[in-house]
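The file protein07.cif contains mmCIF, C-alpha atoms:
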```
data_my_file
loop_
_atom_site.label_atom_id
_atom_site.label_comp_id
_atom_site.auth_asym_id
_atom_site.auth_seq_id
_atom_site.Cartn_x
_atom_site.Cartn_y
_atom_site.Cartn_z
CA MET L 702 171.28 142.46 -17.06
CA ARG L 703 170.45 139.03 -18.48
CA LYS L 704 167.86 139.01 -21.26
CA MET L 705 166.26 136.28 -23.33
CA ARG L 706 163.49 135.95 -25.89
CA LEU L 707 160.23 134.71 -24.39
CA ASP L 708 159.95 131.73 -26.74
CA ARG L 709 163.49 130.67 -25.84
CA LEU L 710 162.68 130.92 -22.14
CA LEU L 711 159.63 128.72 -22.67
CA SER L 712 161.84 126.26 -24.56
CA ARG L 713 164.27 126.21 -21.64
CA ASN L 714 161.31 125.17 -19.48
CA GLY L 715 160.48 122.25 -21.76
CA SER L 716 158.30 123.61 -24.58
CA SER L 717 159.24 123.35 -28.25
CA ARG L 718 159.47 126.62 -30.19
CA LYS L 719 156.19 125.75 -31.92
CA GLU L 720 154.49 125.00 -28.60
CA ALA L 721 155.90 128.20 -27.10
CA ALA L 722 154.40 130.31 -29.88
CA ALA L 723 151.02 128.65 -29.42
CA LEU L 724 151.08 129.18 -25.64
CA VAL L 725 151.83 132.88 -26.04
CA LYS L 726 149.22 133.30 -28.76
CA ALA L 727 146.61 131.69 -26.50
CA GLY L 728 147.33 134.24 -23.76
CA ARG L 729 148.51 131.57 -21.32
CA VAL L 730 151.81 133.34 -20.61
CA THR L 731 152.06 136.39 -18.34
CA VAL L 732 154.96 138.71 -17.62
CA ASP L 733 154.72 140.59 -14.33
CA GLY L 734 151.03 139.73 -14.12
CA ARG L 735 150.04 140.79 -17.64
CA ALA L 736 149.23 138.48 -20.53
CA VAL L 737 151.63 138.89 -23.45
CA HIS L 738 151.18 137.93 -27.10
CA ASP L 739 154.63 138.49 -28.57
CA ALA L 740 156.81 135.36 -28.36
CA SER L 741 159.85 137.32 -29.49
CA MET L 742 159.77 139.90 -26.69
CA GLN L 743 162.91 140.23 -24.58
CA ILE L 744 162.59 139.14 -20.94
CA ASP L 745 164.72 140.52 -18.12
CA LEU L 746 165.71 137.28 -16.42
CA ASP L 747 166.89 139.05 -13.27
CA SER L 748 163.66 140.84 -12.45
CA ALA L 749 160.69 139.67 -14.56
CA ARG L 750 158.17 137.19 -13.18
CA VAL L 751 157.08 134.96 -16.04
CA CYS L 752 154.21 132.51 -15.53
CA LEU L 753 152.56 129.82 -17.63
CA ASP L 754 148.95 129.20 -16.59
CA GLY L 755 149.79 131.00 -13.34
CA ALA L 756 152.81 128.84 -12.49
CA PRO L 757 156.20 130.64 -12.39
CA LEU L 758 158.75 129.62 -15.01
CA ARG L 759 162.35 129.00 -14.11
CA THR L 760 164.51 131.91 -15.26
CA SER L 761 167.83 130.67 -13.89
CA LYS L 762 170.42 129.44 -16.34
CA HIS L 763 170.43 125.87 -15.08
CA LEU L 764 168.11 123.33 -13.49
CA HIS L 765 169.26 121.39 -10.43
CA LEU L 766 167.30 118.78 -8.50
CA MET L 767 167.59 115.84 -6.14
CA ILE L 768 165.87 112.49 -6.41
CA ASN L 769 165.59 109.62 -3.95
CA LYS L 770 166.66 106.73 -6.18
CA PRO L 771 164.86 103.44 -5.55
CA ALA L 772 166.59 100.08 -5.76
CA GLY L 773 166.57 98.44 -9.18
CA VAL L 774 166.72 101.77 -11.05
CA LEU L 775 169.61 102.92 -13.24
CA THR L 776 171.29 106.28 -12.65
CA ALA L 777 170.86 107.36 -16.26
CA THR L 778 168.48 109.29 -18.49
CA GLN L 779 167.84 106.36 -20.83
CA ASP L 780 168.67 102.70 -21.24
CA PRO L 781 168.83 100.86 -24.60
CA ARG L 782 167.56 97.71 -22.87
CA GLY L 783 164.47 99.48 -21.60
CA ARG L 784 165.28 99.20 -17.91
CA ALA L 785 163.95 101.79 -15.46
CA THR L 786 166.04 104.94 -14.99
CA VAL L 787 165.86 107.92 -12.63
CA ALA L 788 164.65 109.99 -15.60
CA ASP L 789 161.43 107.96 -15.65
CA TYR L 790 160.37 109.79 -12.47
CA LEU L 791 160.87 113.28 -13.94
CA PRO L 792 158.63 115.40 -16.18
CA ARG L 793 159.40 114.69 -19.82
CA SER L 794 160.02 118.39 -20.38
CA PHE L 795 163.13 118.19 -18.17
CA LEU L 796 164.82 115.75 -20.55
CA ALA L 797 164.66 118.32 -23.34
CA LEU L 798 166.88 120.50 -21.15
CA GLU L 799 169.60 117.82 -21.25
CA ILE L 800 169.57 117.29 -17.51
CA GLY L 801 171.78 114.48 -16.30
CA PRO L 802 172.84 112.74 -13.09
CA VAL L 803 175.88 113.79 -11.08
CA GLY L 804 177.86 110.57 -10.98
CA ARG L 805 176.35 107.12 -10.70
CA LEU L 806 174.87 104.80 -8.11
CA ASP L 807 174.82 101.05 -8.67
CA ARG L 808 171.45 99.69 -9.71
CA ASP L 809 170.82 98.12 -6.29
CA VAL L 810 171.99 101.18 -4.30
CA THR L 811 169.36 103.63 -3.05
CA GLY L 812 169.38 107.26 -2.03
CA LEU L 813 170.51 110.68 -3.14
CA VAL L 814 171.13 111.43 -6.80
CA LEU L 815 171.73 115.03 -7.81
CA MET L 816 170.77 116.00 -11.36
CA THR L 817 171.79 119.14 -13.21
CA THR L 818 172.00 120.79 -16.61
CA ASP L 819 175.37 122.31 -15.65
CA GLY L 820 178.07 119.94 -16.87
CA GLN L 821 180.94 121.85 -15.29
CA LEU L 822 179.25 121.74 -11.88
CA ALA L 823 178.64 118.01 -12.26
CA HIS L 824 182.28 117.42 -13.16
CA ARG L 825 183.59 119.26 -10.10
CA LEU L 826 181.19 117.44 -7.80
CA ILE L 827 182.43 114.01 -8.93
CA SER L 828 186.11 114.75 -9.60
CA PRO L 829 188.45 113.40 -6.86
CA ARG L 830 190.52 116.57 -7.35
CA TRP L 831 187.75 118.61 -5.72
CA GLU L 832 187.39 116.15 -2.83
CA GLN L 833 183.64 116.44 -2.40
CA ASP L 834 182.42 114.12 0.35
CA LYS L 835 179.87 111.44 -0.46
CA ILE L 836 178.28 109.84 2.60
CA TYR L 837 176.78 106.35 2.52
CA VAL L 838 174.95 104.24 5.06
CA ALA L 839 175.83 100.56 4.68
CA ARG L 840 174.51 97.39 6.24
CA VAL L 841 177.20 94.72 6.25
CA GLU L 842 177.77 91.15 7.34
CA GLY L 843 179.59 90.52 10.62
CA ARG L 844 180.63 92.72 13.52
CA LEU L 845 182.50 95.92 12.67
CA THR L 846 185.23 97.02 15.09
CA GLU L 847 187.37 100.09 15.60
CA SER L 848 190.22 98.32 13.82
CA ASP L 849 188.06 98.39 10.68
CA ALA L 850 187.69 102.15 11.08
CA VAL L 851 191.47 102.50 11.46
CA ARG L 852 192.12 100.50 8.30
CA MET L 853 189.58 102.57 6.38
CA ALA L 854 191.31 105.76 7.54
CA GLU L 855 194.64 104.44 6.26
CA GLY L 856 193.27 103.72 2.77
CA ILE L 857 192.22 100.30 1.53
CA GLU L 858 194.43 98.54 -1.01
CA LEU L 859 192.40 96.79 -3.67
CA LYS L 860 193.58 94.63 -6.55
CA ASP L 861 193.59 97.42 -9.12
CA PHE L 862 194.08 100.57 -7.02
CA THR L 863 194.51 101.88 -3.49
CA CYS L 864 191.55 103.83 -2.14
CA ALA L 865 192.15 107.20 -0.59
CA PRO L 866 191.62 107.35 3.18
CA ALA L 867 187.95 107.28 4.12
CA LYS L 868 185.94 107.66 7.31
CA LEU L 869 184.05 104.72 8.82
CA GLU L 870 181.63 105.40 11.67
CA ILE L 871 180.03 102.37 13.30
CA LEU L 872 176.34 102.96 14.00
CA GLU L 873 175.39 99.46 15.14
CA ALA L 874 177.59 96.42 15.70
CA GLY L 875 176.00 93.00 16.03
CA GLU L 876 177.37 89.50 15.85
CA ASP L 877 175.74 88.76 12.48
CA GLU L 878 175.49 92.22 10.93
CA SER L 879 176.48 95.83 11.48
CA LEU L 880 175.38 99.27 10.31
CA CYS L 881 177.89 101.96 9.45
CA GLU L 882 178.37 105.30 7.75
CA VAL L 883 181.14 105.65 5.19
CA THR L 884 182.46 108.98 3.89
CA VAL L 885 184.54 108.99 0.70
CA HIS L 886 185.53 111.68 -1.78
CA GLU L 887 186.39 109.30 -4.60
CA GLY L 888 183.72 107.64 -6.67
CA LYS L 889 185.27 104.63 -8.34
CA TYR L 890 183.30 101.62 -9.51
CA HIS L 891 181.75 99.67 -6.60
CA GLN L 892 184.21 101.47 -4.32
CA VAL L 893 182.32 101.46 -1.02
CA LYS L 894 181.23 97.86 -1.51
CA ARG L 895 184.77 96.80 -2.37
CA MET L 896 186.32 98.64 0.56
CA LEU L 897 183.99 97.05 3.08
CA GLY L 898 184.35 93.70 1.36
CA ALA L 899 188.13 93.97 1.70
CA LEU L 900 187.63 94.39 5.43
CA GLY L 901 185.73 91.11 5.49
CA HIS L 902 182.28 92.69 5.71
CA PRO L 903 180.26 92.17 2.49
CA VAL L 904 177.62 94.83 1.94
CA THR L 905 173.99 93.71 2.04
CA ALA L 906 172.41 97.17 1.57
CA LEU L 907 173.81 100.55 0.61
CA HIS L 908 172.18 103.99 0.70
CA ARG L 909 173.69 107.38 -0.20
CA ARG L 910 172.48 110.19 2.01
CA SER L 911 174.72 113.14 1.14
CA ILE L 912 176.84 114.69 -1.63
CA ALA L 913 179.10 117.71 -1.07
CA GLY L 914 177.12 118.74 2.00
CA ILE L 915 173.70 118.40 0.36
CA GLU L 916 171.54 115.99 2.35
CA LEU L 917 168.78 113.85 0.87
CA ASP L 918 165.47 115.43 1.86
CA SER L 919 163.89 113.08 4.42
CA ALA L 920 160.45 114.02 3.09
CA LEU L 921 161.18 112.42 -0.29
CA GLU L 922 159.91 108.87 -0.66
CA ALA L 923 161.66 106.49 -3.04
CA GLY L 924 161.19 107.80 -6.57
CA GLN L 925 160.24 111.32 -5.49
CA TRP L 926 162.23 114.43 -6.44
CA ARG L 927 162.36 118.17 -5.89
CA GLU L 928 164.33 121.11 -7.22
CA LEU L 929 167.20 122.31 -5.07
CA THR L 930 166.56 125.35 -2.93
CA GLU L 931 168.38 128.63 -3.61
CA ALA L 932 170.54 127.97 -0.55
CA GLU L 933 171.44 124.46 -1.74
CA LYS L 934 172.34 125.73 -5.22
CA ALA L 935 174.45 128.53 -3.78
CA HIS L 936 176.27 126.02 -1.57
CA LEU L 937 177.16 123.76 -4.51
CA TYR L 938 178.50 126.63 -6.58
CA ASN L 939 180.46 127.88 -3.58
CA VAL L 940 182.18 124.55 -2.82
CA THR L 941 183.06 124.06 -6.49
CA ASP L 942 184.31 127.65 -6.93
CA LEU L 943 181.88 128.35 -9.79
CA GLU L 944 179.29 130.95 -10.61
CA GLU L 945 175.85 130.05 -11.95
#
```
Can you present the structure in this file as structure tokens?
Amino acid sequence: MRKMRLDRLLSRNGSSRKEAAALVKAGRVTVDGRAVHDASMQIDLDSARVCLDGAPLRTSKHLHLMINKPAGVLTATQDPRGRATVADYLPRSFLALEIGPVGRLDRDVTGLVLMTTDGQLAHRLISPRWEQDKIYVARVEGRLTESDAVRMAEGIELKDFTCAPAKLEILEAGEDESLCEVTVHEGKYHQVKRMLGALGHPVTALHRRSIAGIELDSALEAGQWRELTEAEKAHLYNVTDLEE
């Protein structure tokens, strides 16, 4: 049985200890439908339903979410130069939980960014050793051919390293530009752009749609986010051989 003090649980959901005490004192917190006034009471995290102003509080150990990153936004929680980050789209209370992005997307790249408070999970999702697929949709210059797909499957040799074999699926092939889907399990700097560039097809737009089998929710507009479902969280812990 997992237990935690009520004020600590409120802190995990973004309140300071002082704010937590005031919320409980004001009768705004309920446990299993009843208002409580003791911030030090022990909560059974596995069975109790704890609400603040009627909204359920998260009792799980970690917070996990996805965000549809817009172009021009940094994959970071803060930037010393004051540039926009994915954290700007989240409630400020989440930052107190030390949530962070799983890996990075270039500033101009759009699409799926997973964020979590579980550092070990984040590490296994981005480590090449765990070979978690990342799927990108790329628009490139020129006509892609099956020979490009063959070369990608063999591994692309770059100036500073040789990329592991990757999958290239051609979605559209035109004389001036093509659309493709690229699946990699590495995540090195500018890797997808550099691989396609080495094939003679500079990238003009890049969008990540999937990480480790978790697809970007099509209902999320650029800049929107949502928490992962229980099924999505279970999947991530399963593929990384971890327990939440």
| task | Tell me which residues the PyMOL selection byres ((chain L and resi 876-885) around 7) grabs here, as a PyMOL selection string. | result | chain L and resi 834-845+867-875+886-887
| Picked residues, the PyMOL selection byres ((chain L and resi 709) around 12), as number ranges by chain | L: 704-708, 710-722, 725, 740-744, 746, 758-760, 762, 798
Writing out the chosen residues with C-alpha atoms as a PDB file, in the coordinates of the input:
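Wrote it out as selection-v8.pdb, contents follow:
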```pdb
ATOM      1  CA  LYS L 704     167.860 139.010 -21.260  1.00  0.00           C
ATOM      2  CA  MET L 705     166.260 136.280 -23.330  1.00  0.00           C
ATOM      3  CA  ARG L 706     163.490 135.950 -25.890  1.00  0.00           C
ATOM      4  CA  LEU L 707     160.230 134.710 -24.390  1.00  0.00           C
ATOM      5  CA  ASP L 708     159.950 131.730 -26.740  1.00  0.00           C
ATOM      6  CA  LEU L 710     162.680 130.920 -22.140  1.00  0.00           C
ATOM      7  CA  LEU L 711     159.630 128.720 -22.670  1.00  0.00           C
ATOM      8  CA  SER L 712     161.840 126.260 -24.560  1.00  0.00           C
ATOM      9  CA  ARG L 713     164.270 126.210 -21.640  1.00  0.00           C
ATOM     10  CA  ASN L 714     161.310 125.170 -19.480  1.00  0.00           C
ATOM     11  CA  GLY L 715     160.480 122.250 -21.760  1.00  0.00           C
ATOM     12  CA  SER L 716     158.300 123.610 -24.580  1.00  0.00           C
ATOM     13  CA  SER L 717     159.240 123.350 -28.250  1.00  0.00           C
ATOM     14  CA  ARG L 718     159.470 126.620 -30.190  1.00  0.00           C
ATOM     15  CA  LYS L 719     156.190 125.750 -31.920  1.00  0.00           C
ATOM     16  CA  GLU L 720     154.490 125.000 -28.600  1.00  0.00           C
ATOM     17  CA  ALA L 721     155.900 128.200 -27.100  1.00  0.00           C
ATOM     18  CA  ALA L 722     154.400 130.310 -29.880  1.00  0.00           C
ATOM     19  CA  VAL L 725     151.830 132.880 -26.040  1.00  0.00           C
ATOM     20  CA  ALA L 740     156.810 135.360 -28.360  1.00  0.00           C
ATOM     21  CA  SER L 741     159.850 137.320 -29.490  1.00  0.00           C
ATOM     22  CA  MET L 742     159.770 139.900 -26.690  1.00  0.00           C
ATOM     23  CA  GLN L 743     162.910 140.230 -24.580  1.00  0.00           C
ATOM     24  CA  ILE L 744     162.590 139.140 -20.940  1.00  0.00           C
ATOM     25  CA  LEU L 746     165.710 137.280 -16.420  1.00  0.00           C
ATOM     26  CA  LEU L 758     158.750 129.620 -15.010  1.00  0.00           C
ATOM     27  CA  ARG L 759     162.350 129.000 -14.110  1.00  0.00           C
ATOM     28  CA  THR L 760     164.510 131.910 -15.260  1.00  0.00           C
ATOM     29  CA  LYS L 762     170.420 129.440 -16.340  1.00  0.00           C
ATOM     30  CA  LEU L 798     166.880 120.500 -21.150  1.00  0.00           C
TER      31      LEU L 798
END
```
| field | Close residues, Thr941 of chain L itself excluded, 9 Å, all atoms listed in the file, min 2 positions apart in chain, as a PyMOL selection string | value | chain L and resi 822+825-826+831+833+936-939+943-944
| request: Using the chain letters and residue numbers of this document, give as number ranges by chain the residues selected by the PyMOL selection byres ((chain L and resi 757) around 12). | output: L: 710-711, 714, 729-734, 749-756, 758-761
Identify the residues around (168.7, 100.1, -8.1) within a radius of 7 Å, measuring from all atoms listed in the file in the coordinates stated by the file, and give them as a PDB file with C-alpha atoms, in the frame of the given file.
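Writing the result to point-v5.pdb gives the following:
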```
ATOM      1  CA  PRO L 771     164.860 103.440  -5.550  1.00  0.00           C
ATOM      2  CA  ALA L 772     166.590 100.080  -5.760  1.00  0.00           C
ATOM      3  CA  GLY L 773     166.570  98.440  -9.180  1.00  0.00           C
ATOM      4  CA  VAL L 774     166.720 101.770 -11.050  1.00  0.00           C
ATOM      5  CA  LEU L 775     169.610 102.920 -13.240  1.00  0.00           C
ATOM      6  CA  ASP L 807     174.820 101.050  -8.670  1.00  0.00           C
ATOM      7  CA  ARG L 808     171.450  99.690  -9.710  1.00  0.00           C
ATOM      8  CA  ASP L 809     170.820  98.120  -6.290  1.00  0.00           C
ATOM      9  CA  VAL L 810     171.990 101.180  -4.300  1.00  0.00           C
ATOM     10  CA  THR L 811     169.360 103.630  -3.050  1.00  0.00           C
TER      11      THR L 811
END
```
Since the input lacks atoms, please generate all heavy atoms for segment 929-940 of chain L and provide them as a short mmCIF file (atom, residue, chain, number, x, y, z; two decimals), in the frame of the given file.
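Writing done, so here's part_30.cif:
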```
data_model
loop_
_atom_site.label_atom_id
_atom_site.label_comp_id
_atom_site.auth_asym_id
_atom_site.auth_seq_id
_atom_site.Cartn_x
_atom_site.Cartn_y
_atom_site.Cartn_z
N LEU L 929 166.39 121.82 -6.18
CA LEU L 929 167.20 122.31 -5.07
C LEU L 929 166.75 123.72 -4.68
O LEU L 929 166.30 124.50 -5.52
CB LEU L 929 168.68 122.35 -5.47
CG LEU L 929 169.35 121.02 -5.81
CD1 LEU L 929 170.86 121.22 -5.94
CD2 LEU L 929 169.07 119.95 -4.76
N THR L 930 166.88 124.01 -3.40
CA THR L 930 166.56 125.35 -2.93
C THR L 930 167.65 126.33 -3.37
O THR L 930 168.76 125.92 -3.77
CB THR L 930 166.45 125.38 -1.40
OG1 THR L 930 167.75 125.08 -0.85
CG2 THR L 930 165.45 124.34 -0.90
N GLU L 931 167.37 127.62 -3.26
CA GLU L 931 168.38 128.63 -3.61
C GLU L 931 169.62 128.47 -2.73
O GLU L 931 170.75 128.63 -3.20
CB GLU L 931 167.79 130.03 -3.46
CG GLU L 931 166.72 130.37 -4.48
CD GLU L 931 167.23 130.30 -5.91
OE1 GLU L 931 168.38 130.75 -6.15
OE2 GLU L 931 166.50 129.79 -6.79
N ALA L 932 169.41 128.15 -1.46
CA ALA L 932 170.54 127.97 -0.55
C ALA L 932 171.37 126.76 -0.95
O ALA L 932 172.62 126.80 -0.89
CB ALA L 932 170.04 127.83 0.89
N GLU L 933 170.72 125.67 -1.33
CA GLU L 933 171.44 124.46 -1.74
C GLU L 933 172.24 124.71 -3.02
O GLU L 933 173.39 124.28 -3.14
CB GLU L 933 170.46 123.31 -1.93
CG GLU L 933 169.89 122.78 -0.63
CD GLU L 933 168.71 121.84 -0.83
OE1 GLU L 933 168.04 121.91 -1.89
OE2 GLU L 933 168.44 121.03 0.08
N LYS L 934 171.62 125.42 -3.98
CA LYS L 934 172.34 125.73 -5.22
C LYS L 934 173.54 126.62 -4.94
O LYS L 934 174.64 126.38 -5.46
CB LYS L 934 171.39 126.41 -6.21
CG LYS L 934 170.35 125.47 -6.80
CD LYS L 934 169.52 126.13 -7.88
CE LYS L 934 168.55 127.15 -7.32
NZ LYS L 934 167.66 127.71 -8.38
N ALA L 935 173.35 127.63 -4.11
CA ALA L 935 174.45 128.53 -3.78
C ALA L 935 175.59 127.77 -3.11
O ALA L 935 176.78 128.04 -3.38
CB ALA L 935 173.95 129.65 -2.86
N HIS L 936 175.26 126.82 -2.26
CA HIS L 936 176.27 126.02 -1.57
C HIS L 936 177.09 125.22 -2.58
O HIS L 936 178.34 125.21 -2.50
CB HIS L 936 175.61 125.08 -0.57
CG HIS L 936 176.55 124.06 0.00
ND1 HIS L 936 177.45 124.37 0.99
CD2 HIS L 936 176.74 122.74 -0.31
CE1 HIS L 936 178.16 123.28 1.29
NE2 HIS L 936 177.75 122.29 0.52
N LEU L 937 176.43 124.58 -3.53
CA LEU L 937 177.16 123.76 -4.51
C LEU L 937 178.09 124.60 -5.36
O LEU L 937 179.23 124.20 -5.64
CB LEU L 937 176.18 122.99 -5.39
CG LEU L 937 175.40 121.86 -4.72
CD1 LEU L 937 174.47 121.19 -5.71
CD2 LEU L 937 176.36 120.84 -4.10
N TYR L 938 177.63 125.77 -5.78
CA TYR L 938 178.50 126.63 -6.58
C TYR L 938 179.64 127.19 -5.74
O TYR L 938 180.75 127.40 -6.25
CB TYR L 938 177.69 127.75 -7.23
CG TYR L 938 177.00 127.29 -8.49
CD1 TYR L 938 175.68 126.83 -8.47
CD2 TYR L 938 177.67 127.26 -9.70
CE1 TYR L 938 175.06 126.38 -9.61
CE2 TYR L 938 177.07 126.81 -10.85
CZ TYR L 938 175.75 126.37 -10.81
OH TYR L 938 175.14 125.90 -11.95
N ASN L 939 179.40 127.38 -4.46
CA ASN L 939 180.46 127.88 -3.58
C ASN L 939 181.55 126.83 -3.38
O ASN L 939 182.74 127.14 -3.51
CB ASN L 939 179.86 128.27 -2.23
CG ASN L 939 180.91 128.83 -1.28
OD1 ASN L 939 181.63 129.77 -1.60
ND2 ASN L 939 181.01 128.22 -0.10
N VAL L 940 181.17 125.58 -3.09
CA VAL L 940 182.18 124.55 -2.82
C VAL L 940 182.92 124.11 -4.08
O VAL L 940 183.99 123.48 -3.97
CB VAL L 940 181.56 123.32 -2.11
CG1 VAL L 940 180.96 123.71 -0.78
CG2 VAL L 940 180.54 122.61 -3.00
#
```
